[in-house]
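> Here it is, the structure, as structure tokens.
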Amino acid sequence: MIPYGRQNITDDDIEVVTKALRADFLTQGPTIHQFEVAFAEYVGAKYAVAVANGTAALHLCALALDVTEGQKVITTPITFAASANCVRYCGGEVVFADIDPDTYLLDIKAVRNLLASAPKGTYQGIVPVDFAGRAVDLEAFRTLADEYGLWIIEDACHAPGGYFNDSQVHLQRCGNGQFADLAIFSFHPVKHIACGEGGMITTNDASLYQKLLTLRTHGISRDTNGFQNSIAFAAGDEQATNYPGWYMEMQTLGYNYRLTDFQAALGISQLARADEGLTRRREIAQVYNAAFEGLSFIKGQSGVVEGHAYHLYVVEVENRLGLYTHLREQQIFAQVHYIPCHLMPYYRAQGWKEGDFPAAENYYRHCLSLPMYPTLTEAQQAFVIQTIIDFYHS
Ligand SMILES: *Cc1c(COP(=O)(O)O)cnc(C)c1O
């Protein structure tokens with residue numbers, strides 16, 4: 001069986017998890033912080049906050065940016081629903097904008113039109129997605145966002161290790177916090193780095209970082225300097241001069257979105273092999289690109305793209321359903337990413353309908369994600385390619 005994506009767990013990974021299980025802490029011990037430091041360094045951001053999953057990461061970002069009822073946030077319809085849902089968790093309104101038909105990313109022109117067609121202050125933020133692993137040009141989005149006073153959450157779930165070159169030809173890694181206020185990642189098994197479940201938020205903003213740490217653990221603070229109740233109350237003793245050791249304060253409404261120490265141990269071990277995996281993903285992409293070049297029935301995402309992290313290898317094909325079925329008969333499990341978010345019944349109920357985003361909807365009629373993961377062998381990939389070519393030639 002050949003799936004579209006799968007995790008790569010090695011004996012080393014198993015060993016570090018076993019060690020973590022024998023240590024003093026099972027959750028929120030020292031390994032969490034080690035993972036955060038290593039991950040922040042990997043993407044080139046100042047701060048990282050490990051959380052339970054990518055969806056929790058998005059939720060905490062929306063909370064940290066004070067998304068509330070009545071606010072409007074723009075995102076792409078071609079993404080996993082969580083990119084949009086985080087706005088709804090906080091009572092905000094999701095406004096979709098169409099994709100660029102060549103890159104499949106949120107089309108900055110569509111976003112610019114949307115912003116220009118309403119009074120300033122109508123929209124509060126943008127959630128661009130590094131879809132399939134292709135980095136969004138966040139420099140351009142930052143310029144636009146600044147013009148309208150918007151924040152940016154980069155959904156970088158598909159792109160750890162991905163990058164784009166900015167206008168100064170400086171390499172800008174996904175999640176490095178140069179342009180986006182916050183970025184998020186997922187450690188679901190189909191993503192580059194697997195923790196079972198897990199997520200990470202990265203930022204260069206110290207105050208957002210502090211807010212996220214608190215929100216991750218029930219809104220509870222243990223920072224003596226920030227306590228709001230008096231020492232006398234905390235100690236239950238008028239004579240006390242310090243806050244007692246047990247004392248903590250729930251200052252805002254937070255959640256339990258913690259990652260466990262043994263998941264963090266797995267994350268650290270996986271992160272150490274991330275570049276190796278990325279190299280292999282890029283090799284696989286080159287082989288697909290070369291095999292499909294000049295074939296009229298198949299259109300690749302965008303050819304060879306520097307900095308692409310290739311979480312997915314997406315093609316657009318004629319008779320997508322036929323090909324999908326044919327591949328399944330050969331035990332090749334291609335997948336579709338994504339059913340346009342605005343056409344999910346939940347979002348249709350909010351007024352979105354077919355015809356709203358022609359580029360996204362046309363993409364959905366043709367897209368298919370082919371097997372793409374580091375342990376896909378050359379022979380397996382050759383079989384996938386041959387099976388596709390045979391389908392169109394028969
Ligand atoms: C996987 C994914 C998420 C959610 O991550 P989970 O860890 O599964 O909650 C969010 N956005 C995108 C684009 C994703 O691919």
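In the structure tokens, chains take the letters A, B, ... in the order shown, each chain's residues start at 1, and ligands count up from 1 in the order shown.
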Residues within 9 Å of ligand 1, counting only C-alpha atoms and all ligand atoms: report them as an NGL selection string.
:A and (52-58 or 78-84 or 129-132 or 155-158 or 184-191 or 196-199 or 311)
> Export C-alpha atoms of the chosen residues as a PDB file, in the first residue's frame?

```pdb
ATOM      1  CA  ALA A  52      -1.218  20.073  21.819  1.00  0.00           C
ATOM      2  CA  ASN A  53      -1.827  20.282  18.046  1.00  0.00           C
ATOM      3  CA  GLY A  54      -1.876  22.695  15.106  1.00  0.00           C
ATOM      4  CA  THR A  55      -5.515  23.590  15.666  1.00  0.00           C
ATOM      5  CA  ALA A  56      -4.810  24.557  19.280  1.00  0.00           C
ATOM      6  CA  ALA A  57      -1.906  26.651  17.962  1.00  0.00           C
ATOM      7  CA  LEU A  58      -4.282  28.531  15.656  1.00  0.00           C
ATOM      8  CA  ILE A  78      -7.897  25.938  -0.171  1.00  0.00           C
ATOM      9  CA  THR A  79      -6.684  24.917   3.260  1.00  0.00           C
ATOM     10  CA  PHE A  80      -7.502  22.600   6.112  1.00  0.00           C
ATOM     11  CA  ALA A  81     -10.617  23.961   7.854  1.00  0.00           C
ATOM     12  CA  ALA A  82      -8.691  24.780  11.043  1.00  0.00           C
ATOM     13  CA  SER A  83      -7.053  27.809   9.362  1.00  0.00           C
ATOM     14  CA  ALA A  84     -10.503  29.385   9.214  1.00  0.00           C
ATOM     15  CA  VAL A 129      -1.239  29.353   4.286  1.00  0.00           C
ATOM     16  CA  ASP A 130       2.043  27.984   2.894  1.00  0.00           C
ATOM     17  CA  PHE A 131      -0.089  25.502   1.018  1.00  0.00           C
ATOM     18  CA  ALA A 132       1.534  22.173   0.043  1.00  0.00           C
ATOM     19  CA  ASP A 155      -0.287  28.864   8.760  1.00  0.00           C
ATOM     20  CA  ALA A 156       3.005  27.109   8.068  1.00  0.00           C
ATOM     21  CA  CYS A 157       1.799  23.563   8.846  1.00  0.00           C
ATOM     22  CA  HIS A 158       2.945  22.403   5.408  1.00  0.00           C
ATOM     23  CA  ILE A 184       1.904  27.920  13.439  1.00  0.00           C
ATOM     24  CA  PHE A 185       2.986  24.350  12.720  1.00  0.00           C
ATOM     25  CA  SER A 186       1.467  20.893  13.206  1.00  0.00           C
ATOM     26  CA  PHE A 187       3.154  17.640  14.206  1.00  0.00           C
ATOM     27  CA  HIS A 188       0.376  15.367  12.979  1.00  0.00           C
ATOM     28  CA  PRO A 189       1.877  12.173  11.474  1.00  0.00           C
ATOM     29  CA  VAL A 190       1.305  13.253   7.852  1.00  0.00           C
ATOM     30  CA  LYS A 191       3.299  16.467   8.380  1.00  0.00           C
ATOM     31  CA  GLY A 196       1.532  11.812  17.210  1.00  0.00           C
ATOM     32  CA  GLU A 197      -0.323  15.021  17.896  1.00  0.00           C
ATOM     33  CA  GLY A 198       1.426  18.303  18.475  1.00  0.00           C
ATOM     34  CA  GLY A 199       1.837  21.866  17.346  1.00  0.00           C
ATOM     35  CA  HIS A 311       4.430  18.561   2.250  1.00  0.00           C
TER      36      HIS A 311
END
```
> Enumerate, as a PDB file with C-alpha atoms, in the first residue's frame, the complete set of residues in range 56-145 of chain A that a backbone-based DSSP assignment places in strand (DSSP E or B).

```
ATOM      1  CA  LYS A  72     -13.343  39.988  10.132  1.00  0.00           C
ATOM      2  CA  VAL A  73     -10.379  37.833   9.137  1.00  0.00           C
ATOM      3  CA  ILE A  74      -9.329  36.866   5.619  1.00  0.00           C
ATOM      4  CA  THR A  75      -8.080  33.417   4.594  1.00  0.00           C
ATOM      5  CA  GLU A  93     -16.147  36.227  10.963  1.00  0.00           C
ATOM      6  CA  VAL A  94     -14.203  34.370   8.264  1.00  0.00           C
ATOM      7  CA  VAL A  95     -13.956  36.100   4.898  1.00  0.00           C
ATOM      8  CA  PHE A  96     -12.509  33.946   2.148  1.00  0.00           C
ATOM      9  CA  ILE A  99      -6.426  31.555  -4.759  1.00  0.00           C
ATOM     10  CA  LEU A 106      -4.110  32.959  -1.294  1.00  0.00           C
ATOM     11  CA  GLY A 125      -6.228  40.084  10.106  1.00  0.00           C
ATOM     12  CA  ILE A 126      -5.068  37.679   7.412  1.00  0.00           C
ATOM     13  CA  VAL A 127      -4.250  33.965   7.704  1.00  0.00           C
ATOM     14  CA  VAL A 129      -1.239  29.353   4.286  1.00  0.00           C
TER      15      VAL A 129
END
```
> Which of these, A:Tyr89, A:Ala309, A:Lys211, A:Pro128, has the shortest distance to Pro77 in chain A once you count only C-alpha atoms?
A:Pro128
> Rank A:Ile14, A:Gly322, A:Ala62, A:His366 by their smallest atom-to-atom distance to Asn85 in chain A, using only C-alpha atoms, and report the top residue only.
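So, comparing all the options, the nearest one is A:Ala62.
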> With the cut-off set at 7 Å and counting only C-alpha atoms, tabulate each residue of range 239-340 of chain A with an atom at most that distance from an atom of range 219-231 of chain A, showing the nearest atom pair and its distance in Å to one decimal, ordered by chain and increasing number, as CSV.

```
residue,atom,partner,partner_atom,distance
A:Ala240,CA,A:Ile231,CA,6.7
A:Thr241,CA,A:Ile231,CA,6.7
A:Asn242,CA,A:Ile231,CA,6.2
A:Tyr243,CA,A:Ile231,CA,5.3
A:Met248,CA,A:Arg222,CA,4.9
A:Glu249,CA,A:Ser221,CA,5.3
A:Met250,CA,A:Ile220,CA,4.0
A:Gln251,CA,A:Gly219,CA,5.7
A:Thr252,CA,A:Gly219,CA,4.7
A:Leu253,CA,A:Gly219,CA,5.2
A:Gly254,CA,A:Gly219,CA,4.0
A:Tyr255,CA,A:Gly219,CA,6.8
```
> Could you write out the selected residues, including N, CA, C and O atoms, as a PDB file, in the first residue's frame?

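Result went into part-v8.pdb, see below:
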```pdb
ATOM      1  N   ALA A 240       3.102  38.562  55.986  1.00  0.00           N
ATOM      2  CA  ALA A 240       3.953  37.976  54.933  1.00  0.00           C
ATOM      3  C   ALA A 240       4.565  39.062  54.052  1.00  0.00           C
ATOM      4  O   ALA A 240       3.938  40.093  53.789  1.00  0.00           O
ATOM      5  N   THR A 241       5.783  38.848  53.600  1.00  0.00           N
ATOM      6  CA  THR A 241       6.474  39.830  52.765  1.00  0.00           C
ATOM      7  C   THR A 241       6.729  39.304  51.356  1.00  0.00           C
ATOM      8  O   THR A 241       7.189  40.043  50.496  1.00  0.00           O
ATOM      9  N   ASN A 242       6.491  38.012  51.139  1.00  0.00           N
ATOM     10  CA  ASN A 242       6.675  37.421  49.802  1.00  0.00           C
ATOM     11  C   ASN A 242       5.468  36.565  49.438  1.00  0.00           C
ATOM     12  O   ASN A 242       4.788  36.039  50.319  1.00  0.00           O
ATOM     13  N   TYR A 243       5.263  36.392  48.125  1.00  0.00           N
ATOM     14  CA  TYR A 243       4.232  35.444  47.684  1.00  0.00           C
ATOM     15  C   TYR A 243       4.689  34.032  48.046  1.00  0.00           C
ATOM     16  O   TYR A 243       5.848  33.681  47.794  1.00  0.00           O
ATOM     17  N   MET A 248      -0.362  30.922  42.689  1.00  0.00           N
ATOM     18  CA  MET A 248      -0.446  31.248  41.256  1.00  0.00           C
ATOM     19  C   MET A 248      -1.783  31.917  41.014  1.00  0.00           C
ATOM     20  O   MET A 248      -2.672  31.857  41.855  1.00  0.00           O
ATOM     21  N   GLU A 249      -1.872  32.584  39.861  1.00  0.00           N
ATOM     22  CA  GLU A 249      -3.118  33.300  39.558  1.00  0.00           C
ATOM     23  C   GLU A 249      -3.656  32.946  38.188  1.00  0.00           C
ATOM     24  O   GLU A 249      -2.912  32.948  37.219  1.00  0.00           O
ATOM     25  N   MET A 250      -4.961  32.685  38.109  1.00  0.00           N
ATOM     26  CA  MET A 250      -5.615  32.579  36.809  1.00  0.00           C
ATOM     27  C   MET A 250      -6.056  33.985  36.431  1.00  0.00           C
ATOM     28  O   MET A 250      -6.952  34.544  37.053  1.00  0.00           O
ATOM     29  N   GLN A 251      -5.389  34.536  35.442  1.00  0.00           N
ATOM     30  CA  GLN A 251      -5.620  35.952  35.119  1.00  0.00           C
ATOM     31  C   GLN A 251      -6.475  36.153  33.878  1.00  0.00           C
ATOM     32  O   GLN A 251      -7.089  37.197  33.708  1.00  0.00           O
ATOM     33  N   THR A 252      -6.441  35.178  32.986  1.00  0.00           N
ATOM     34  CA  THR A 252      -7.315  35.251  31.811  1.00  0.00           C
ATOM     35  C   THR A 252      -7.901  33.862  31.586  1.00  0.00           C
ATOM     36  O   THR A 252      -7.464  32.892  32.213  1.00  0.00           O
ATOM     37  N   LEU A 253      -8.865  33.782  30.657  1.00  0.00           N
ATOM     38  CA  LEU A 253      -9.466  32.481  30.368  1.00  0.00           C
ATOM     39  C   LEU A 253      -8.581  31.751  29.355  1.00  0.00           C
ATOM     40  O   LEU A 253      -8.524  32.121  28.187  1.00  0.00           O
ATOM     41  N   GLY A 254      -7.871  30.734  29.846  1.00  0.00           N
ATOM     42  CA  GLY A 254      -7.002  29.968  28.962  1.00  0.00           C
ATOM     43  C   GLY A 254      -7.506  28.546  28.808  1.00  0.00           C
ATOM     44  O   GLY A 254      -8.639  28.227  29.158  1.00  0.00           O
ATOM     45  N   TYR A 255      -6.633  27.689  28.307  1.00  0.00           N
ATOM     46  CA  TYR A 255      -7.006  26.310  27.988  1.00  0.00           C
ATOM     47  C   TYR A 255      -5.908  25.365  28.453  1.00  0.00           C
ATOM     48  O   TYR A 255      -4.821  25.803  28.826  1.00  0.00           O
TER      49      TYR A 255
END
```
> For Gln381 in chain A, work out the shell of residues within 10 Å, counting only C-alpha atoms and skipping chain neighbours fewer than 2 positions away, then give it as a list in words.
Ile2, Ile284, Val287, Tyr288, Leu370, Pro371, Met372, Leu376, Thr377, Glu378, Ala379, Phe383, Val384, Ile385, Gln386 and Thr387 of chain A
> Using Å and a single decimal, report how far CA of Thr76 in chain A sits from CA of Thr279 in chain A.
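Atom-to-atom, CA of Thr279 in chain A and CA of Thr76 in chain A are spaced 27.8 Å apart.
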> Between A:Glu276, A:Glu318, A:Asp137, A:Asp181, single out the one closest to Asn165 in chain A, counting only C-alpha atoms.
A:Asp137
> Could you give me, as a PyMOL selection string, the residues within 10 Å of Gly177 in chain A, counting only C-alpha atoms and dropping anything in the same chain fewer than 2 positions from it?
chain A and resi 40+43-47+138+152-154+172-175+179-183+202-205
> Give me a file of those residues, with N, CA, C and O atoms, as a JSON list (two decimals), in the first residue's frame.

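The resulting out_3.json:
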```
[["chain", "number", "residue", "atom", "x", "y", "z"],
["A", 40, "ALA", "N", 12.59, 26.88, 17.40],
["A", 40, "ALA", "CA", 12.74, 28.32, 17.11],
["A", 40, "ALA", "C", 14.02, 28.53, 16.29],
["A", 40, "ALA", "O", 14.04, 29.28, 15.32],
["A", 43, "VAL", "N", 13.59, 27.35, 12.53],
["A", 43, "VAL", "CA", 12.87, 28.24, 11.61],
["A", 43, "VAL", "C", 13.42, 29.67, 11.63],
["A", 43, "VAL", "O", 13.05, 30.48, 10.78],
["A", 44, "GLY", "N", 14.28, 29.97, 12.62],
["A", 44, "GLY", "CA", 14.88, 31.30, 12.66],
["A", 44, "GLY", "C", 14.01, 32.34, 13.36],
["A", 44, "GLY", "O", 14.09, 33.52, 13.07],
["A", 45, "ALA", "N", 13.19, 31.88, 14.32],
["A", 45, "ALA", "CA", 12.36, 32.81, 15.11],
["A", 45, "ALA", "C", 12.95, 32.96, 16.51],
["A", 45, "ALA", "O", 13.72, 32.13, 16.97],
["A", 46, "LYS", "N", 12.54, 34.03, 17.20],
["A", 46, "LYS", "CA", 13.03, 34.24, 18.57],
["A", 46, "LYS", "C", 12.37, 33.30, 19.56],
["A", 46, "LYS", "O", 13.03, 32.77, 20.45],
["A", 47, "TYR", "N", 11.06, 33.14, 19.45],
["A", 47, "TYR", "CA", 10.31, 32.38, 20.45],
["A", 47, "TYR", "C", 9.48, 31.27, 19.81],
["A", 47, "TYR", "O", 9.00, 31.42, 18.69],
["A", 138, "LEU", "N", 5.43, 36.59, 2.17],
["A", 138, "LEU", "CA", 4.91, 37.33, 3.32],
["A", 138, "LEU", "C", 5.36, 38.78, 3.35],
["A", 138, "LEU", "O", 4.74, 39.61, 4.00],
["A", 152, "ILE", "N", -1.03, 39.34, 10.92],
["A", 152, "ILE", "CA", -0.90, 38.15, 10.06],
["A", 152, "ILE", "C", -0.57, 36.92, 10.92],
["A", 152, "ILE", "O", 0.38, 36.96, 11.71],
["A", 153, "ILE", "N", -1.36, 35.86, 10.75],
["A", 153, "ILE", "CA", -0.97, 34.53, 11.27],
["A", 153, "ILE", "C", -0.58, 33.70, 10.07],
["A", 153, "ILE", "O", -1.40, 33.45, 9.18],
["A", 154, "GLU", "N", 0.67, 33.27, 10.01],
["A", 154, "GLU", "CA", 1.12, 32.40, 8.92],
["A", 154, "GLU", "C", 0.81, 30.95, 9.30],
["A", 154, "GLU", "O", 1.35, 30.45, 10.28],
["A", 172, "GLN", "N", 14.02, 33.96, 3.48],
["A", 172, "GLN", "CA", 13.08, 34.11, 4.61],
["A", 172, "GLN", "C", 12.41, 32.77, 4.87],
["A", 172, "GLN", "O", 11.57, 32.31, 4.10],
["A", 173, "ARG", "N", 12.79, 32.16, 5.98],
["A", 173, "ARG", "CA", 12.24, 30.84, 6.31],
["A", 173, "ARG", "C", 10.82, 30.95, 6.84],
["A", 173, "ARG", "O", 10.50, 31.89, 7.57],
["A", 174, "CYS", "N", 9.99, 29.98, 6.46],
["A", 174, "CYS", "CA", 8.61, 29.94, 6.94],
["A", 174, "CYS", "C", 8.60, 29.92, 8.47],
["A", 174, "CYS", "O", 9.35, 29.13, 9.07],
["A", 175, "GLY", "N", 7.82, 30.77, 9.05],
["A", 175, "GLY", "CA", 7.70, 30.80, 10.51],
["A", 175, "GLY", "C", 8.79, 31.59, 11.21],
["A", 175, "GLY", "O", 8.88, 31.54, 12.44],
["A", 179, "PHE", "N", 7.90, 38.75, 9.08],
["A", 179, "PHE", "CA", 6.78, 39.47, 8.48],
["A", 179, "PHE", "C", 5.44, 39.16, 9.15],
["A", 179, "PHE", "O", 4.60, 40.03, 9.28],
["A", 180, "ALA", "N", 5.25, 37.91, 9.53],
["A", 180, "ALA", "CA", 4.00, 37.53, 10.20],
["A", 180, "ALA", "C", 4.13, 37.79, 11.70],
["A", 180, "ALA", "O", 5.22, 37.68, 12.26],
["A", 181, "ASP", "N", 3.03, 38.13, 12.33],
["A", 181, "ASP", "CA", 3.04, 38.33, 13.79],
["A", 181, "ASP", "C", 3.26, 37.00, 14.50],
["A", 181, "ASP", "O", 3.98, 36.92, 15.49],
["A", 182, "LEU", "N", 2.59, 35.97, 13.97],
["A", 182, "LEU", "CA", 2.66, 34.64, 14.56],
["A", 182, "LEU", "C", 2.65, 33.62, 13.43],
["A", 182, "LEU", "O", 2.08, 33.87, 12.37],
["A", 183, "ALA", "N", 3.28, 32.48, 13.66],
["A", 183, "ALA", "CA", 3.21, 31.38, 12.68],
["A", 183, "ALA", "C", 2.90, 30.10, 13.43],
["A", 183, "ALA", "O", 3.24, 29.96, 14.61],
["A", 202, "THR", "N", 5.36, 30.08, 16.53],
["A", 202, "THR", "CA", 6.62, 30.84, 16.57],
["A", 202, "THR", "C", 6.31, 32.32, 16.39],
["A", 202, "THR", "O", 5.34, 32.70, 15.73],
["A", 203, "THR", "N", 7.15, 33.15, 17.00],
["A", 203, "THR", "CA", 6.97, 34.61, 16.92],
["A", 203, "THR", "C", 8.27, 35.31, 17.32],
["A", 203, "THR", "O", 9.12, 34.73, 17.99],
["A", 204, "ASN", "N", 8.38, 36.58, 16.91],
["A", 204, "ASN", "CA", 9.49, 37.42, 17.39],
["A", 204, "ASN", "C", 9.01, 38.45, 18.39],
["A", 204, "ASN", "O", 9.77, 39.29, 18.83],
["A", 205, "ASP", "N", 7.72, 38.36, 18.74],
["A", 205, "ASP", "CA", 7.09, 39.37, 19.59],
["A", 205, "ASP", "C", 7.04, 38.89, 21.04],
["A", 205, "ASP", "O", 6.32, 37.94, 21.37]]
```
> Could you pull the residues within 12 Å of Phe391 in chain A, counting only C-alpha atoms, minus those fewer than 6 positions along the same chain, as a PDB file with N, CA, C and O atoms, in the first residue's frame?

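Output (out.pdb):
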```pdb
ATOM      1  N   PHE A 297      -1.941  15.861 -20.042  1.00  0.00           N
ATOM      2  CA  PHE A 297      -3.036  15.522 -19.126  1.00  0.00           C
ATOM      3  C   PHE A 297      -2.732  15.860 -17.678  1.00  0.00           C
ATOM      4  O   PHE A 297      -3.531  15.650 -16.787  1.00  0.00           O
ATOM      5  N   ILE A 298      -1.568  16.396 -17.428  1.00  0.00           N
ATOM      6  CA  ILE A 298      -1.185  16.641 -16.040  1.00  0.00           C
ATOM      7  C   ILE A 298      -0.484  17.984 -15.927  1.00  0.00           C
ATOM      8  O   ILE A 298       0.316  18.348 -16.778  1.00  0.00           O
ATOM      9  N   VAL A 317      -5.336  17.309 -12.920  1.00  0.00           N
ATOM     10  CA  VAL A 317      -5.489  16.344 -14.013  1.00  0.00           C
ATOM     11  C   VAL A 317      -6.911  16.354 -14.573  1.00  0.00           C
ATOM     12  O   VAL A 317      -7.852  16.770 -13.896  1.00  0.00           O
ATOM     13  N   GLU A 318      -7.021  15.882 -15.795  1.00  0.00           N
ATOM     14  CA  GLU A 318      -8.333  15.609 -16.365  1.00  0.00           C
ATOM     15  C   GLU A 318      -8.807  14.279 -15.777  1.00  0.00           C
ATOM     16  O   GLU A 318      -7.992  13.405 -15.471  1.00  0.00           O
ATOM     17  N   ASN A 319     -10.116  14.095 -15.691  1.00  0.00           N
ATOM     18  CA  ASN A 319     -10.696  12.860 -15.155  1.00  0.00           C
ATOM     19  C   ASN A 319     -10.038  12.468 -13.827  1.00  0.00           C
ATOM     20  O   ASN A 319      -9.527  11.360 -13.661  1.00  0.00           O
ATOM     21  N   ARG A 320     -10.078  13.383 -12.896  1.00  0.00           N
ATOM     22  CA  ARG A 320      -9.456  13.156 -11.598  1.00  0.00           C
ATOM     23  C   ARG A 320     -10.059  11.954 -10.872  1.00  0.00           C
ATOM     24  O   ARG A 320      -9.339  11.129 -10.302  1.00  0.00           O
ATOM     25  N   LEU A 321     -11.400  11.849 -10.916  1.00  0.00           N
ATOM     26  CA  LEU A 321     -12.062  10.732 -10.233  1.00  0.00           C
ATOM     27  C   LEU A 321     -11.606   9.391 -10.824  1.00  0.00           C
ATOM     28  O   LEU A 321     -11.325   8.437 -10.083  1.00  0.00           O
ATOM     29  N   GLY A 322     -11.500   9.345 -12.163  1.00  0.00           N
ATOM     30  CA  GLY A 322     -11.043   8.118 -12.824  1.00  0.00           C
ATOM     31  C   GLY A 322      -9.638   7.745 -12.395  1.00  0.00           C
ATOM     32  O   GLY A 322      -9.359   6.583 -12.065  1.00  0.00           O
ATOM     33  N   LEU A 323      -8.762   8.730 -12.370  1.00  0.00           N
ATOM     34  CA  LEU A 323      -7.377   8.447 -11.979  1.00  0.00           C
ATOM     35  C   LEU A 323      -7.299   8.015 -10.521  1.00  0.00           C
ATOM     36  O   LEU A 323      -6.614   7.046 -10.168  1.00  0.00           O
ATOM     37  N   TYR A 324      -8.012   8.715  -9.669  1.00  0.00           N
ATOM     38  CA  TYR A 324      -8.035   8.399  -8.231  1.00  0.00           C
ATOM     39  C   TYR A 324      -8.460   6.939  -8.019  1.00  0.00           C
ATOM     40  O   TYR A 324      -7.831   6.194  -7.262  1.00  0.00           O
ATOM     41  N   THR A 325      -9.517   6.539  -8.721  1.00  0.00           N
ATOM     42  CA  THR A 325     -10.048   5.183  -8.591  1.00  0.00           C
ATOM     43  C   THR A 325      -9.054   4.160  -9.135  1.00  0.00           C
ATOM     44  O   THR A 325      -8.808   3.123  -8.517  1.00  0.00           O
ATOM     45  N   HIS A 326      -8.474   4.467 -10.293  1.00  0.00           N
ATOM     46  CA  HIS A 326      -7.486   3.572 -10.903  1.00  0.00           C
ATOM     47  C   HIS A 326      -6.280   3.376  -9.974  1.00  0.00           C
ATOM     48  O   HIS A 326      -5.802   2.255  -9.778  1.00  0.00           O
ATOM     49  N   LEU A 327      -5.818   4.463  -9.369  1.00  0.00           N
ATOM     50  CA  LEU A 327      -4.678   4.373  -8.451  1.00  0.00           C
ATOM     51  C   LEU A 327      -5.028   3.507  -7.238  1.00  0.00           C
ATOM     52  O   LEU A 327      -4.238   2.673  -6.799  1.00  0.00           O
ATOM     53  N   GLU A 329      -7.079   1.070  -7.114  1.00  0.00           N
ATOM     54  CA  GLU A 329      -7.091  -0.341  -7.509  1.00  0.00           C
ATOM     55  C   GLU A 329      -5.676  -0.932  -7.478  1.00  0.00           C
ATOM     56  O   GLU A 329      -5.502  -2.131  -7.321  1.00  0.00           O
ATOM     57  N   GLN A 330      -4.683  -0.073  -7.626  1.00  0.00           N
ATOM     58  CA  GLN A 330      -3.283  -0.511  -7.556  1.00  0.00           C
ATOM     59  C   GLN A 330      -2.699  -0.270  -6.148  1.00  0.00           C
ATOM     60  O   GLN A 330      -1.474  -0.224  -5.980  1.00  0.00           O
ATOM     61  N   VAL A 384       4.156   4.440  -9.202  1.00  0.00           N
ATOM     62  CA  VAL A 384       3.104   5.468  -9.185  1.00  0.00           C
ATOM     63  C   VAL A 384       3.073   6.188 -10.530  1.00  0.00           C
ATOM     64  O   VAL A 384       2.005   6.336 -11.149  1.00  0.00           O
ATOM     65  N   ILE A 385       4.228   6.600 -11.004  1.00  0.00           N
ATOM     66  CA  ILE A 385       4.311   7.356 -12.267  1.00  0.00           C
ATOM     67  C   ILE A 385       3.810   6.498 -13.431  1.00  0.00           C
ATOM     68  O   ILE A 385       3.003   6.953 -14.244  1.00  0.00           O
TER      69      ILE A 385
END
```
> Have a look at A:Glu147, A:His218, A:Gly277, A:Met1 and name the one nearest to Tyr257 in chain A; count only C-alpha atoms.
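Smallest separation from Tyr257 in chain A among the options: A:His218.
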